[in-house]
file input.tsv (TSV, C-alpha atoms and all ligand atoms)
chain	number	residue	atom	x	y	z
A	1	TYR	CA	6.63	-67.94	-48.67
A	2	PRO	CA	8.67	-70.08	-46.24
A	3	GLY	CA	10.04	-67.93	-43.41
A	4	ALA	CA	7.70	-65.00	-44.04
A	5	LYS	CA	6.21	-65.24	-40.55
A	6	ASN	CA	9.01	-66.89	-38.64
A	7	VAL	CA	10.84	-65.05	-35.89
A	8	LEU	CA	14.34	-65.79	-34.67
A	9	GLY	CA	16.05	-63.48	-32.22
A	10	GLY	CA	19.45	-63.77	-33.67
A	11	ILE	CA	21.50	-66.94	-33.68
A	12	PHE	CA	20.79	-69.96	-35.80
A	13	TYR	CA	22.55	-72.87	-34.06
A	14	THR	CA	23.76	-75.12	-36.82
A	15	THR	CA	25.12	-78.38	-35.37
A	16	ILE	CA	22.30	-80.35	-36.98
A	17	LEU	CA	22.19	-78.34	-40.20
A	18	ASN	CA	25.90	-78.94	-40.78
A	19	ARG	CA	25.29	-82.65	-40.45
A	20	LEU	CA	22.42	-82.53	-42.96
A	21	ILE	CA	24.14	-80.18	-45.43
A	22	PRO	CA	27.90	-80.22	-44.76
A	23	ASN	CA	29.56	-76.80	-45.14
A	24	PHE	CA	26.14	-75.21	-45.72
A	25	TRP	CA	27.65	-71.75	-45.09
A	26	GLU	CA	29.31	-71.88	-48.51
A	27	GLU	CA	25.90	-71.56	-50.19
A	28	ALA	CA	23.30	-70.63	-47.56
A	29	PRO	CA	22.24	-66.98	-47.12
A	30	VAL	CA	23.77	-66.59	-43.64
A	31	GLU	CA	24.78	-63.21	-42.26
A	32	ARG	CA	27.70	-63.40	-39.78
A	33	HIS	CA	29.20	-66.25	-37.75
A	34	ILE	CA	29.20	-65.54	-34.03
A	35	LYS	CA	32.75	-65.49	-32.76
A	36	GLY	CA	31.95	-64.12	-29.31
A	37	ILE	CA	29.43	-63.11	-26.73
A	38	GLN	CA	29.46	-60.24	-24.26
A	39	ILE	CA	27.16	-60.51	-21.25
A	40	PHE	CA	26.01	-57.40	-19.38
A	41	LEU	CA	24.33	-57.10	-16.00
A	42	LEU	CA	22.69	-53.70	-15.85
A	43	SER	CA	21.47	-51.17	-13.35
A	44	GLU	CA	20.10	-47.81	-14.47
A	45	THR	CA	23.53	-46.22	-14.51
A	46	ASN	CA	26.07	-49.03	-14.17
A	47	ALA	CA	27.04	-52.21	-15.95
A	48	VAL	CA	29.17	-55.25	-15.23
A	49	SER	CA	30.16	-57.22	-18.29
A	50	ILE	CA	32.08	-60.34	-19.14
A	51	GLY	CA	32.94	-61.60	-22.60
A	52	VAL	CA	34.02	-64.82	-24.27
A	53	GLU	CA	35.44	-65.07	-27.76
A	54	SER	CA	37.81	-67.31	-29.64
A	55	GLU	CA	39.85	-67.31	-32.82
A	56	GLU	CA	38.72	-70.95	-33.16
A	57	HIS	CA	35.24	-69.56	-33.83
A	58	ASN	CA	36.56	-67.91	-36.98
A	59	LYS	CA	37.20	-71.33	-38.49
A	60	PRO	CA	34.74	-73.99	-39.76
A	61	PRO	CA	32.26	-74.92	-38.35
A	62	TYR	CA	32.25	-71.33	-37.11
A	63	ASN	CA	31.11	-72.03	-33.55
A	64	ASN	CA	27.95	-73.58	-35.08
A	65	SER	CA	26.33	-70.17	-34.64
A	66	PHE	CA	25.26	-67.78	-37.42
A	67	THR	CA	22.99	-64.79	-37.58
A	68	VAL	CA	20.40	-65.22	-40.33
A	69	SER	CA	17.32	-63.53	-41.68
A	70	ARG	CA	14.64	-66.23	-41.52
A	71	ALA	CA	12.86	-64.70	-44.51
A	72	LYS	CA	15.94	-65.38	-46.65
A	73	PHE	CA	17.29	-68.50	-44.96
A	74	ASP	CA	13.99	-70.42	-44.83
A	75	GLN	CA	13.40	-69.90	-48.55
A	76	TRP	CA	16.82	-71.36	-49.31
A	77	TYR	CA	16.25	-74.29	-46.96
A	78	ALA	CA	12.75	-74.96	-48.31
A	79	LYS	CA	14.28	-75.24	-51.81
A	80	LYS	CA	16.66	-77.87	-50.44
A	81	ALA	CA	13.69	-79.82	-49.11
A	82	GLU	CA	11.98	-79.58	-52.51
A	83	GLU	CA	15.13	-80.80	-54.25
A	84	ALA	CA	15.07	-83.77	-51.88
A	85	GLY	CA	11.49	-84.58	-52.94
A	86	ALA	CA	9.25	-82.59	-50.60
A	87	PHE	CA	6.08	-81.03	-52.05
A	88	LEU	CA	5.55	-77.62	-50.48
A	89	ILE	CA	2.21	-75.87	-50.02
A	90	THR	CA	2.56	-72.37	-48.58
A	91	ASN	CA	0.02	-69.61	-48.07
A	92	THR	CA	-2.55	-71.81	-46.40
A	93	VAL	CA	-3.70	-72.53	-42.84
A	94	VAL	CA	-4.28	-75.98	-41.41
A	95	ASP	CA	-7.46	-75.79	-39.36
A	96	ASP	CA	-7.84	-79.34	-38.12
A	97	LEU	CA	-6.70	-82.94	-38.18
A	98	LEU	CA	-8.45	-85.69	-40.12
A	99	TRP	CA	-9.14	-88.84	-38.11
A	100	GLU	CA	-10.13	-92.36	-39.06
A	101	ASN	CA	-10.54	-95.12	-36.47
A	102	ASN	CA	-8.74	-93.11	-33.77
A	103	LYS	CA	-5.76	-92.48	-36.06
A	104	VAL	CA	-4.67	-89.17	-37.57
A	105	VAL	CA	-4.75	-89.64	-41.35
A	106	GLY	CA	-4.23	-86.10	-42.60
A	107	VAL	CA	-5.05	-82.42	-42.19
A	108	LYS	CA	-7.85	-80.10	-43.15
A	109	ALA	CA	-6.40	-77.05	-44.93
A	110	ARG	CA	-8.19	-73.76	-45.48
A	111	GLY	CA	-9.13	-72.51	-48.94
A	112	GLY	CA	-8.54	-74.45	-52.11
A	113	GLU	CA	-6.21	-77.05	-50.60
A	114	GLY	CA	-8.97	-78.98	-48.82
A	115	ASP	CA	-8.26	-82.33	-47.15
A	116	ILE	CA	-4.69	-83.59	-47.41
A	117	TYR	CA	-4.04	-87.22	-46.49
A	118	ALA	CA	-0.74	-88.66	-45.21
A	119	ASP	CA	0.64	-91.82	-43.61
A	120	VAL	CA	1.96	-89.70	-40.75
A	121	VAL	CA	1.38	-86.04	-39.88
A	122	ILE	CA	4.28	-84.15	-38.30
A	123	ALA	CA	3.02	-81.08	-36.45
A	124	ALA	CA	5.66	-78.35	-36.76
A	125	ASP	CA	3.20	-75.50	-36.22
A	126	GLY	CA	5.20	-73.63	-33.61
A	127	VAL	CA	4.70	-72.57	-30.02
A	128	ASN	CA	0.95	-72.10	-30.33
A	129	SER	CA	0.43	-75.53	-31.88
A	130	LEU	CA	-3.28	-75.88	-32.51
A	131	LEU	CA	-2.72	-79.37	-33.87
A	132	ALA	CA	-1.14	-80.63	-30.63
A	133	GLN	CA	-4.06	-79.06	-28.79
A	134	LYS	CA	-6.68	-80.52	-31.12
A	135	ALA	CA	-5.07	-83.95	-30.76
A	136	GLY	CA	-5.42	-83.60	-26.98
A	137	LEU	CA	-1.65	-83.63	-26.46
A	138	ARG	CA	-1.52	-80.29	-24.67
A	139	LYS	CA	-3.86	-78.20	-22.57
A	140	ASP	CA	-4.50	-74.46	-22.86
A	141	PHE	CA	-1.45	-72.40	-21.92
A	142	ARG	CA	-1.17	-70.45	-18.73
A	143	PRO	CA	0.84	-67.19	-18.90
A	144	ARG	CA	3.63	-68.91	-16.90
A	145	GLN	CA	4.23	-71.19	-19.88
A	146	VAL	CA	5.19	-68.65	-22.53
A	147	SER	CA	7.55	-65.71	-23.01
A	148	LEU	CA	6.96	-62.81	-25.34
A	149	GLY	CA	9.77	-61.55	-27.53
A	150	ILE	CA	9.86	-58.47	-29.70
A	151	LYS	CA	12.53	-57.60	-32.18
A	152	GLU	CA	13.62	-54.68	-34.29
A	153	VAL	CA	15.95	-54.99	-37.24
A	154	ILE	CA	17.97	-51.78	-37.36
A	155	GLU	CA	19.92	-50.98	-40.50
A	156	LEU	CA	23.44	-49.57	-40.29
A	157	PRO	CA	26.23	-49.46	-42.86
A	158	ARG	CA	28.47	-52.51	-42.80
A	159	GLU	CA	31.61	-50.51	-41.97
A	160	VAL	CA	29.88	-48.82	-39.00
A	161	ILE	CA	28.90	-52.22	-37.57
A	162	GLU	CA	32.40	-53.58	-38.02
A	163	GLU	CA	34.06	-50.58	-36.40
A	164	ARG	CA	31.55	-50.33	-33.55
A	165	PHE	CA	31.71	-54.03	-32.64
A	166	HIS	CA	35.40	-54.58	-33.55
A	167	LEU	CA	34.68	-57.04	-36.34
A	168	SER	CA	36.21	-57.84	-39.68
A	169	GLY	CA	34.95	-59.84	-42.65
A	170	ASN	CA	31.94	-61.92	-41.69
A	171	GLU	CA	32.71	-62.02	-37.96
A	172	GLY	CA	29.79	-61.32	-35.65
A	173	VAL	CA	29.02	-61.01	-31.96
A	174	GLU	CA	26.11	-61.18	-29.58
A	175	LEU	CA	25.59	-58.71	-26.74
A	176	LYS	CA	23.36	-60.18	-24.07
A	177	TYR	CA	21.81	-58.00	-21.39
A	178	MET	CA	20.49	-59.79	-18.35
A	179	ALA	CA	19.10	-59.03	-14.96
A	180	GLY	CA	18.12	-55.69	-13.53
A	181	ASP	CA	17.49	-52.75	-15.76
A	182	ALA	CA	17.50	-54.48	-19.16
A	183	THR	CA	13.83	-55.35	-18.59
A	184	LYS	CA	13.11	-53.22	-15.51
A	185	GLY	CA	13.48	-56.17	-13.17
A	186	ILE	CA	11.08	-58.44	-15.07
A	187	TRP	CA	12.30	-61.97	-15.77
A	188	GLY	CA	13.74	-61.71	-19.28
A	189	GLY	CA	16.53	-59.96	-21.11
A	190	GLY	CA	17.70	-58.01	-24.11
A	191	ASN	CA	20.06	-58.80	-26.97
A	192	ILE	CA	21.89	-57.17	-29.83
A	193	TYR	CA	23.06	-59.41	-32.67
A	194	THR	CA	25.18	-58.28	-35.58
A	195	ASN	CA	24.00	-59.02	-39.12
A	196	LEU	CA	25.93	-57.98	-42.22
A	197	GLU	CA	24.25	-54.59	-42.63
A	198	SER	CA	21.86	-54.45	-39.71
A	199	LEU	CA	21.49	-55.23	-36.01
A	200	SER	CA	18.80	-57.42	-34.48
A	201	VAL	CA	17.66	-55.88	-31.21
A	202	VAL	CA	15.51	-58.15	-29.05
A	203	VAL	CA	13.68	-57.83	-25.75
A	204	TRP	CA	11.98	-60.89	-24.28
A	205	VAL	CA	10.04	-61.23	-21.05
A	206	ALA	CA	8.07	-63.84	-19.14
A	207	LEU	CA	4.43	-63.14	-19.95
A	208	GLU	CA	3.22	-63.72	-16.40
A	209	SER	CA	5.61	-61.13	-14.92
A	210	LEU	CA	4.71	-58.66	-17.65
A	211	MET	CA	1.02	-59.03	-16.80
A	212	GLU	CA	1.64	-58.74	-13.06
A	213	ARG	CA	3.63	-55.55	-13.53
A	214	LYS	CA	1.06	-54.19	-16.03
A	215	LEU	CA	3.81	-53.10	-18.41
A	216	LYS	CA	3.82	-53.00	-22.20
A	217	VAL	CA	6.62	-54.84	-23.92
A	218	THR	CA	6.83	-52.07	-26.52
A	219	GLU	CA	7.66	-49.60	-23.72
A	220	LEU	CA	10.32	-51.99	-22.42
A	221	MET	CA	11.84	-52.07	-25.90
A	222	GLU	CA	11.98	-48.27	-26.08
A	223	GLN	CA	13.58	-48.09	-22.62
A	224	PHE	CA	16.06	-50.80	-23.55
A	225	LYS	CA	17.12	-49.01	-26.74
A	226	ASP	CA	17.58	-45.82	-24.76
A	227	HIS	CA	19.67	-47.41	-22.00
A	228	PRO	CA	23.14	-45.80	-21.68
A	229	PHE	CA	24.82	-49.18	-22.32
A	230	VAL	CA	22.69	-49.95	-25.37
A	231	ARG	CA	22.00	-46.71	-27.23
A	232	ASN	CA	25.53	-46.10	-28.51
A	233	TYR	CA	25.55	-49.46	-30.30
A	234	ILE	CA	22.41	-48.67	-32.29
A	235	LYS	CA	23.02	-44.93	-32.75
A	236	GLY	CA	22.15	-43.59	-36.21
A	237	GLY	CA	20.39	-46.81	-37.28
A	238	LYS	CA	17.05	-47.04	-39.07
A	239	THR	CA	14.40	-49.55	-37.95
A	240	VAL	CA	13.31	-51.52	-41.01
A	241	GLU	CA	11.46	-54.47	-39.41
A	242	TYR	CA	9.41	-54.99	-36.26
A	243	GLN	CA	8.42	-58.46	-35.11
A	244	ALA	CA	6.74	-60.10	-32.12
A	245	HIS	CA	6.39	-63.77	-31.21
A	246	LEU	CA	5.70	-66.07	-28.29
A	247	ALA	CA	8.24	-68.66	-27.17
A	248	PRO	CA	7.81	-71.76	-24.99
A	249	ASP	CA	8.88	-71.29	-21.38
A	250	GLY	CA	8.41	-73.00	-18.06
A	251	GLY	CA	10.64	-76.01	-18.54
A	252	TYR	CA	10.16	-79.74	-18.83
A	253	ASP	CA	7.02	-79.87	-16.66
A	254	PHE	CA	5.03	-78.15	-19.38
A	255	THR	CA	6.08	-80.29	-22.33
A	256	PRO	CA	3.18	-81.94	-24.16
A	257	LYS	CA	2.92	-85.58	-25.11
A	258	TYR	CA	4.89	-85.82	-28.36
A	259	TYR	CA	2.77	-88.32	-30.29
A	260	THR	CA	-0.48	-90.02	-30.85
A	261	HIS	CA	-1.47	-92.61	-33.45
A	262	GLY	CA	-0.51	-91.07	-36.84
A	263	LEU	CA	0.86	-87.79	-35.42
A	264	LEU	CA	4.27	-86.60	-34.20
A	265	VAL	CA	4.98	-83.17	-32.71
A	266	VAL	CA	8.31	-81.37	-33.25
A	267	GLY	CA	10.08	-78.07	-32.64
A	268	ASP	CA	8.39	-75.31	-30.67
A	269	ALA	CA	5.10	-77.19	-30.98
A	270	ALA	CA	6.73	-79.81	-28.73
A	271	ARG	CA	8.22	-76.95	-26.65
A	272	PHE	CA	11.77	-78.00	-27.50
A	273	LEU	CA	13.40	-74.71	-26.54
A	274	ASN	CA	16.24	-74.18	-24.14
A	275	ALA	CA	15.00	-70.96	-22.53
A	276	SER	CA	18.27	-70.48	-20.67
A	277	ILE	CA	20.97	-67.93	-21.32
A	278	HIS	CA	21.27	-69.15	-24.93
A	279	TYR	CA	17.59	-69.19	-25.82
A	280	GLU	CA	18.10	-71.84	-28.42
A	281	GLY	CA	15.34	-73.56	-30.32
A	282	THR	CA	16.56	-73.78	-33.91
A	283	ASN	CA	18.79	-76.82	-33.46
A	284	PHE	CA	16.14	-78.62	-31.38
A	285	ALA	CA	13.55	-77.90	-34.07
A	286	MET	CA	15.86	-79.39	-36.70
A	287	ALA	CA	16.90	-82.35	-34.54
A	288	SER	CA	13.31	-83.23	-33.67
A	289	GLY	CA	12.27	-82.87	-37.33
A	290	GLU	CA	15.07	-85.24	-38.28
A	291	ALA	CA	14.10	-87.68	-35.52
A	292	ALA	CA	10.45	-87.58	-36.66
A	293	ALA	CA	11.51	-88.27	-40.25
A	294	ASN	CA	13.54	-91.26	-39.09
A	295	THR	CA	10.77	-92.69	-36.90
B	1	LIG	C1	11.92	-63.43	-29.81
B	1	LIG	C2	12.52	-64.79	-30.05
B	1	LIG	C3	13.90	-64.94	-30.14
B	1	LIG	C4	14.46	-66.19	-30.39
B	1	LIG	N1	15.81	-66.28	-30.54
B	1	LIG	C5	16.38	-67.47	-30.84
B	1	LIG	C6	17.78	-67.57	-31.09
B	1	LIG	O1	18.52	-66.58	-31.07
B	1	LIG	N2	18.29	-68.80	-31.38
B	1	LIG	C7	17.49	-69.92	-31.44
B	1	LIG	O2	18.01	-71.01	-31.72
B	1	LIG	N3	16.16	-69.84	-31.22
B	1	LIG	C8	15.59	-68.65	-30.93
B	1	LIG	N4	14.23	-68.56	-30.75
B	1	LIG	C9	13.43	-69.78	-30.86
B	1	LIG	C10	13.28	-70.21	-32.32
B	1	LIG	O3	12.84	-69.13	-33.10
B	1	LIG	C11	12.28	-71.36	-32.38
B	1	LIG	O4	12.66	-72.36	-31.46
B	1	LIG	C12	12.21	-71.97	-33.78
B	1	LIG	O5	11.82	-71.01	-34.73
B	1	LIG	C13	11.21	-73.12	-33.77
B	1	LIG	O6	11.00	-73.57	-35.07
B	1	LIG	P1	9.63	-74.29	-35.45
B	1	LIG	O7	9.78	-74.63	-36.89
B	1	LIG	O8	9.32	-75.36	-34.47
B	1	LIG	O9	8.50	-73.17	-35.24
B	1	LIG	P2	8.29	-71.79	-36.00
B	1	LIG	O10	9.59	-71.22	-36.45
B	1	LIG	O11	7.43	-70.96	-35.11
B	1	LIG	O12	7.48	-72.21	-37.31
B	1	LIG	C14	6.14	-72.63	-37.25
B	1	LIG	C15	5.52	-72.37	-38.61
B	1	LIG	O13	4.23	-72.97	-38.66
B	1	LIG	C16	3.32	-72.03	-39.23
B	1	LIG	N5	1.97	-72.36	-38.70
B	1	LIG	C17	1.53	-72.28	-37.43
B	1	LIG	N6	0.26	-72.70	-37.33
B	1	LIG	C18	-0.11	-73.06	-38.58
B	1	LIG	C19	-1.32	-73.58	-39.14
B	1	LIG	N7	-2.38	-73.83	-38.38
B	1	LIG	N8	-1.36	-73.82	-40.47
B	1	LIG	C20	-0.27	-73.59	-41.26
B	1	LIG	N9	0.91	-73.11	-40.78
B	1	LIG	C21	0.97	-72.85	-39.47
B	1	LIG	C22	3.83	-70.67	-38.78
B	1	LIG	O14	3.34	-69.64	-39.62
B	1	LIG	C23	5.33	-70.88	-38.92
B	1	LIG	O15	5.76	-70.63	-40.24
B	1	LIG	C24	13.63	-67.33	-30.51
B	1	LIG	C25	12.24	-67.19	-30.41
B	1	LIG	C26	11.68	-65.93	-30.20
B	1	LIG	C27	10.18	-65.82	-30.13

call {"tool": "encode", "arguments": {"input": "input.tsv", "output": "structure tokens"}}
result
Amino acid sequence: YPGAKNVLGGIFYTTILNRLIPNFWEEAPVERHIKGIQIFLLSETNAVSIGVESEEHNKPPYNNSFTVSRAKFDQWYAKKAEEAGAFLITNTVVDDLLWENNKVVGVKARGGEGDIYADVVIAADGVNSLLAQKAGLRKDFRPRQVSLGIKEVIELPREVIEERFHLSGNEGVELKYMAGDATKGIWGGGNIYTNLESLSVVVWVALESLMERKLKVTELMEQFKDHPFVRNYIKGGKTVEYQAHLAPDGGYDFTPKYYTHGLLVVGDAARFLNASIHYEGTNFAMASGEAAANT
């Protein structure tokens, strides 16, 4: 089903979504709006932190930042697309592009779906886009060009989360751990995001540095969760989901060509991710999808 395999660290940035579906939060399965962020710089035993939050973020459009579960949110959003006339085929893999006279004219899907023809193909197949590669728009990745993120969803009662993070109602926060001991000196970071009745705990690292240091990201996650400035936030919680995913990294120099005759590339497939402090890709994925639709 839509969203079954999709990984988002924590915050769905909703500037574009709110333009497409005004006041979407009244009906969409969102978790909490993010009213503030606390940034930590860590050593093994010490932390420096700085926070930003605003009462303005408790009002529409809620800082354009919501925690969501992709498994729930994507199903809701896919229904919206169907209502608008899209025909959805899930549970299949696209193995190749169909070409005629140097133009992409469709895709070759695995299993019963077979060949599917279209006036234009929009490749939204994520960071590892095989379609962009098959169309010759990108080369093989080098480790420098991707980050690896892993995430645990840790269940806690709603009232514990609200007391621990000083929240009320549907307010939420992000804790962002950067530099130093969060990832044992590897380029990357850690995050805790508040959902309604769970926390999303994320560790992400540059793949090249991870390989050079010969470390396992799963070990980094365990060390992160056990860090003195992390463990009290997740204390008593139960891990109910474990996810891992690559993300585009390396900046503008590594972006592919975005089109060829009959094909447009959007979202992570086009490497539209701001891998800065905010690590935002959701709004770029939506904006590029919208731009492709309008082209
Ligand atoms: C650990 C981590 C944390 C992140 N945190 C944030 C965050 O807090 N905020 C934020 O804005 N962004 C975040 N991002 C980035 C964000 O998740 C992506 O930018 C966004 O999901 C991109 O959307 P997309 O639709 O382009 O790609 P995806 O969400 O990756 O979707 C691609 C889809 O295509 C499917 N697919 C792939 N190949 C094929 C094929 N051959 N045939 C059929 N289907 C195929 C996949 O199964 C998937 O469903 C994070 C990413 C990671 C990895």

call {"tool": "closest_residue", "arguments": {"input": "input.tsv", "among": "A:Ala123, A:Ile116, A:Val30, A:Leu199", "to": "Ala71 of chain A", "atoms": "all atoms listed in the file"}}
result
A:Val30

call {"tool": "atom_distance", "arguments": {"input": "input.tsv", "atom1": "atom CA of Tyr177 of chain A", "atom2": "atom CA of Asp253 of chain A"}}
result
26.8 Å

call {"tool": "closest_residue", "arguments": {"input": "input.tsv", "among": "A:Met221, A:Ala179, A:Ile234, A:Ala124", "to": "ligand LIG 1 (chain B)", "atoms": "only C-alpha atoms and all ligand atoms"}}
result
A:Ala124

call {"tool": "atom_distance", "arguments": {"input": "input.tsv", "atom1": "atom CA of Thr239 of chain A", "atom2": "atom CA of Gly185 of chain A"}}
result
25.7 Å

call {"tool": "residues_near_ligand", "arguments": {"input": "input.tsv", "ligand": "ligand LIG 1 (chain B)", "cutoff": "7 Å", "atoms": "all atoms listed in the file", "output": "PyMOL selection string"}}
result
chain A and resi 2-3+5-13+92-95+124-127+129-130+148-151+202+204+244-247+266-269+272-273+279-283+285

call {"tool": "atom_distance", "arguments": {"input": "input.tsv", "atom1": "atom CA of His261 of chain A", "atom2": "atom CA of Val121 of chain A"}}
result
9.6 Å

call {"tool": "closest_residue", "arguments": {"input": "input.tsv", "among": "A:Gly262, A:Lys225, A:Asn294, A:Ile277", "to": "Ile122 of chain A", "atoms": "all atoms listed in the file"}}
result
A:Gly262

call {"tool": "closest_residue", "arguments": {"input": "input.tsv", "among": "A:Ile89, A:Leu137, A:Val205, A:Ile154", "to": "Phe254 of chain A", "atoms": "all atoms listed in the file"}}
result
A:Leu137

call {"tool": "closest_residue", "arguments": {"input": "input.tsv", "among": "A:Glu222, A:Asp74, A:Asp96, A:Glu26", "to": "Lys134 of chain A", "atoms": "all atoms listed in the file"}}
result
A:Asp96

call {"tool": "closest_residue", "arguments": {"input": "input.tsv", "among": "A:Ala84, A:Leu97, A:Ser168, A:Leu156", "to": "Arg32 of chain A", "atoms": "only C-alpha atoms"}}
result
A:Ser168

call {"tool": "closest_atom_pairs", "arguments": {"input": "input.tsv", "of": "segment 105-221 of chain A", "to": "segment 51-54 of chain A", "cutoff": "10 Å", "atoms": "all atoms listed in the file", "output": "CSV"}}
result
residue,atom,partner,partner_atom,distance
A:Val173,CA,A:Glu53,CA,8.7
A:Glu174,CA,A:Gly51,CA,9.8
A:Leu175,CA,A:Gly51,CA,8.9
A:Lys176,CA,A:Gly51,CA,9.8

call {"tool": "residues_around", "arguments": {"input": "input.tsv", "residues": "Ala275 of chain A", "least_positions_apart": "5", "cutoff": "8 Å", "atoms": "all atoms listed in the file", "output": "VMD selection string"}}
result
chain A and resid 248 to 249 251 280

call {"tool": "residues_around", "arguments": {"input": "input.tsv", "residues": "Ile16 of chain A", "least_positions_apart": "3", "cutoff": "7 Å", "atoms": "all atoms listed in the file", "output": "NGL selection string"}}
result
:A and (19-20 or 283 or 286-287)

call {"tool": "residues_around", "arguments": {"input": "input.tsv", "residues": "Lys235 of chain A", "least_positions_apart": "4", "cutoff": "12 Å", "atoms": "all atoms listed in the file", "output": "short mmCIF file (atom, residue, chain, number, x, y, z; two decimals) with C-alpha atoms, keeping the file's coordinate frame"}}
result
data_model
loop_
_atom_site.label_atom_id
_atom_site.label_comp_id
_atom_site.auth_asym_id
_atom_site.auth_seq_id
_atom_site.Cartn_x
_atom_site.Cartn_y
_atom_site.Cartn_z
CA ILE A 154 17.97 -51.78 -37.36
CA GLU A 155 19.92 -50.98 -40.50
CA LEU A 156 23.44 -49.57 -40.29
CA PRO A 157 26.23 -49.46 -42.86
CA VAL A 160 29.88 -48.82 -39.00
CA ILE A 161 28.90 -52.22 -37.57
CA ARG A 164 31.55 -50.33 -33.55
CA SER A 198 21.86 -54.45 -39.71
CA LEU A 199 21.49 -55.23 -36.01
CA LYS A 225 17.12 -49.01 -26.74
CA ASP A 226 17.58 -45.82 -24.76
CA HIS A 227 19.67 -47.41 -22.00
CA PRO A 228 23.14 -45.80 -21.68
CA PHE A 229 24.82 -49.18 -22.32
CA VAL A 230 22.69 -49.95 -25.37
CA ARG A 231 22.00 -46.71 -27.23
CA THR A 239 14.40 -49.55 -37.95
#

call {"tool": "residues_around", "arguments": {"input": "input.tsv", "residues": "Asn195 of chain A", "least_positions_apart": "5", "cutoff": "8 Å", "atoms": "only C-alpha atoms", "output": "compact mmCIF listing (two decimals) with C-alpha atoms, in the coordinates of the input"}}
result
# COMPACT_ATOMS: atom_id res chain seq x y z
CA GLU A 31 24.78 -63.21 -42.26
CA ARG A 32 27.70 -63.40 -39.78
CA THR A 67 22.99 -64.79 -37.58
CA VAL A 68 20.40 -65.22 -40.33
CA GLY A 172 29.79 -61.32 -35.65
CA SER A 200 18.80 -57.42 -34.48
